[in-house]
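First the structure, in the form of structure tokens, and then the observations on it.
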Amino acid sequence: MPLIFVTYKKWFFLAALSLIWGSSFILIKKSLIGLTPIQLGSLRLLFSGSMILLVGFRLIKNITKTQWPWVIGSAILGTFFPAFLFAIAETEIDSSVASILNGLVPLNTILFGLALFKIGTTNRQFVGVVVGFIGTAILIGYGAEFHPDQNYYYAGFVILSTLMYAININIIKKYLQEMTALTIAAGNFAVLMIPALLILTLNGFFQNGVYRSPEVISSLGYVLVLSLFGTAIAKVLFNRLVQMSTPVFASSVTYLMPIVAVFWALLDGEKLYFEQGFAAVLILFGVYLANRNK
């Protein structure tokens, strides 16, 4: 495949994922109107898993015994826990703030890549990530100033998710590089479907007709969209992006996501301040530094 085609393709994937995942935070916010965080996380996994396995179930047989531990680890760290942690976090902090905090993923990816997986990173990439992180920190700082009523302890759930995402990115790059993106996703959800259904049942979702209320039905619509695009399709695109690029480039999607998330926040009645706009420009500059050619 020509190098220039791969270059354009990876940037297309980055833009598509930024749009999809940037929209996920407002969808989570809307889904929480009629669902608890645990119900939302479980339903998101079940809907997404059903879609992925519908087209990729036949590929599971291609996963070898030596690959299964890494597929399971990828499923738990890259999909399972974050589905619940982000939902819990957004019960207290705005969707835009959650997306901003998610910008920590590239920095964590570099740290874990160097410390645990021995994946090299250039000085230019590191500088780009640091610049992007500074922009993210500015967004977080002004978010706390402009929204003092929010419980920022819940931001810890998002930060924990970024650590898990960073490890997952390095697992895919180092141990699942030769596996197709759809195979990884199918293996992930084959592992997660039963636990997700068990958690949803134990949470009482199917008792007393809870799922029939108008609020729940409306929320289910948001979860369905979130699952189809934000988890199922995005999962395959992201796995492929990690394989065709570097862990740092793939994790840079988290720099662009806040821009999309803030746009949706504006439409939903939230305010955007000049300082946040400046930080967004700084974030984009960090992406450029981390990924430009020599």
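Identifiers in this document derive from the order of the structure tokens: chains are assigned A, B, ..., residues are numbered from 1 separately in each chain, and ligands are numbered from 1 in order of occurrence.
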
(message) I'd like the neighbourhood of Ser23 (chain A) as a list in words, where a residue qualifies if any of its atoms comes within 8 Å (using only C-alpha atoms), though same-chain residues fewer than 2 positions away should be ignored.
(response)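 Selected residues are Leu19, Ile20, Trp21, Phe25, Ile26, Leu27, Gly230, Met257, Val260, Ala261 and Trp264 of chain A.
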
Would you mind exporting the chosen residues as a PDB file, in the first residue's frame, restricted to C-alpha atoms?
ATOM      1  CA  LEU A  19     -16.062  13.371  15.666  1.00  0.00           C
ATOM      2  CA  ILE A  20     -17.555  10.104  16.927  1.00  0.00           C
ATOM      3  CA  TRP A  21     -15.948  10.041  20.358  1.00  0.00           C
ATOM      4  CA  PHE A  25     -19.880  12.565  25.966  1.00  0.00           C
ATOM      5  CA  ILE A  26     -23.121  14.423  25.251  1.00  0.00           C
ATOM      6  CA  LEU A  27     -24.796  11.094  24.431  1.00  0.00           C
ATOM      7  CA  GLY A 230     -19.176   5.530  19.905  1.00  0.00           C
ATOM      8  CA  MET A 257     -12.360  15.185  20.991  1.00  0.00           C
ATOM      9  CA  VAL A 260     -16.253  18.389  19.282  1.00  0.00           C
ATOM     10  CA  ALA A 261     -17.536  17.875  22.820  1.00  0.00           C
ATOM     11  CA  TRP A 264     -22.178  19.898  21.488  1.00  0.00           C
TER      12      TRP A 264
END

(request) Tell me, as an NGL selection string, which residues lie within 9 Å of Ala185 (chain A), counting only C-alpha atoms; anything in the same chain fewer than 6 positions away does not count. (result) :A and (49 or 52-53 or 56 or 71 or 75 or 232 or 235-236 or 239)

C-alpha atoms of the current selection, written as a short mmCIF file (atom, residue, chain, number, x, y, z; two decimals), in the first residue's frame:
data_model
loop_
_atom_site.label_atom_id
_atom_site.label_comp_id
_atom_site.auth_asym_id
_atom_site.auth_seq_id
_atom_site.Cartn_x
_atom_site.Cartn_y
_atom_site.Cartn_z
CA GLY A 49 -21.23 -6.36 21.53
CA ILE A 52 -19.75 -6.37 16.62
CA LEU A 53 -20.41 -10.09 17.05
CA GLY A 56 -17.30 -10.55 13.45
CA VAL A 71 -7.40 -9.81 24.08
CA ALA A 75 -11.32 -5.89 26.69
CA ALA A 232 -18.85 -0.61 18.00
CA LYS A 235 -13.65 0.33 18.40
CA VAL A 236 -12.80 -1.19 15.02
CA ASN A 239 -7.82 -0.70 16.66
#

(request) Write out as a PyMOL selection string the residues lying within 10 Å of Ala166 (chain A), counting only C-alpha atoms and excluding same-chain residues fewer than 4 positions away. (result) chain A and resi 77-78+104-113+161-162+170-171+247-248+251

(request) Give me every alpha helix (DSSP H) residue in region 47-286 of chain A, going by DSSP on the backbone, as a ChimeraX atom specification. (result) /A:47-56,68-75,81-89,95-101,105-115,123-146,155-175,181-202,214-225,234-244,247-251,253-267,274-286

(message) Between CA of Leu228 (chain A) and CA of Lys9 (chain A), what is the distance in Å, rounded to a tenth?
(response)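 It comes out at 21.6 Å.
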
Which residues are close to Ile172 (chain A), i.e. within 9 Å by only C-alpha atoms, leaving aside same-chain residues fewer than 5 positions away? Reply as an mmCIF file with N, CA and C atoms, in the first residue's frame.
data_model
loop_
_atom_site.group_PDB
_atom_site.id
_atom_site.type_symbol
_atom_site.label_atom_id
_atom_site.label_comp_id
_atom_site.auth_asym_id
_atom_site.auth_seq_id
_atom_site.Cartn_x
_atom_site.Cartn_y
_atom_site.Cartn_z
ATOM 1 N N TRP A 70 -4.074 -11.356 26.081
ATOM 2 C CA TRP A 70 -3.954 -9.947 25.704
ATOM 3 C C TRP A 70 -5.285 -9.398 25.201
ATOM 4 N N VAL A 71 -6.073 -10.229 24.528
ATOM 5 C CA VAL A 71 -7.401 -9.807 24.084
ATOM 6 C C VAL A 71 -8.296 -9.539 25.295
ATOM 7 N N SER A 74 -7.137 -6.368 26.951
ATOM 8 C CA SER A 74 -7.598 -5.238 26.137
ATOM 9 C C SER A 74 -9.081 -4.969 26.365
ATOM 10 N N ILE A 167 -2.747 1.878 28.631
ATOM 11 C CA ILE A 167 -2.222 0.511 28.666
ATOM 12 C C ILE A 167 -2.793 -0.300 27.515
ATOM 13 N N GLN A 177 -0.671 -6.662 17.080
ATOM 14 C CA GLN A 177 -0.402 -5.923 15.858
ATOM 15 C C GLN A 177 -0.826 -6.685 14.606
ATOM 16 N N MET A 179 -3.199 -8.958 14.315
ATOM 17 C CA MET A 179 -4.608 -9.334 14.335
ATOM 18 C C MET A 179 -5.450 -8.225 13.717
ATOM 19 N N ILE A 184 -10.003 -8.261 16.937
ATOM 20 C CA ILE A 184 -9.756 -7.795 18.302
ATOM 21 C C ILE A 184 -11.064 -7.378 18.965
ATOM 22 N N ASN A 239 -8.762 0.409 16.694
ATOM 23 C CA ASN A 239 -7.815 -0.701 16.657
ATOM 24 C C ASN A 239 -6.976 -0.656 15.379
ATOM 25 N N VAL A 242 -4.399 2.258 15.540
ATOM 26 C CA VAL A 242 -3.227 1.920 16.351
ATOM 27 C C VAL A 242 -2.241 1.085 15.537
ATOM 28 N N GLN A 243 -2.782 0.153 14.732
ATOM 29 C CA GLN A 243 -1.930 -0.744 13.969
ATOM 30 C C GLN A 243 -1.215 -0.035 12.820
ATOM 31 N N PRO A 247 1.352 4.473 18.736
ATOM 32 C CA PRO A 247 0.460 4.668 19.882
ATOM 33 C C PRO A 247 0.197 6.137 20.187
#

Long-range neighbours of Ala83 (chain A) as a compact mmCIF listing (two decimals) with C-alpha atoms, in the first residue's frame, 8 Å cut-off, only C-alpha atoms, 5 positions minimum in chain:
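Result saved to result_23.txt:
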# COMPACT_ATOMS: atom_id res chain seq x y z
CA GLY A 41 -22.46 0.96 31.06
CA SER A 42 -24.01 -2.50 30.83
CA ARG A 44 -23.63 0.12 26.08
CA LEU A 45 -21.55 -3.07 26.23

(message) Just want the 9 Å neighbourhood of Ile100 (chain A), counted on only C-alpha atoms, with same-chain residues fewer than 4 positions away dropped. Output as a list in words.
(response) Ser95, Ser96, Leu104, Thr136, Ala137, Leu139, Ile140, Thr254, Tyr255, Met257, Pro258, Ile259, Ala261 and Val262 of chain A
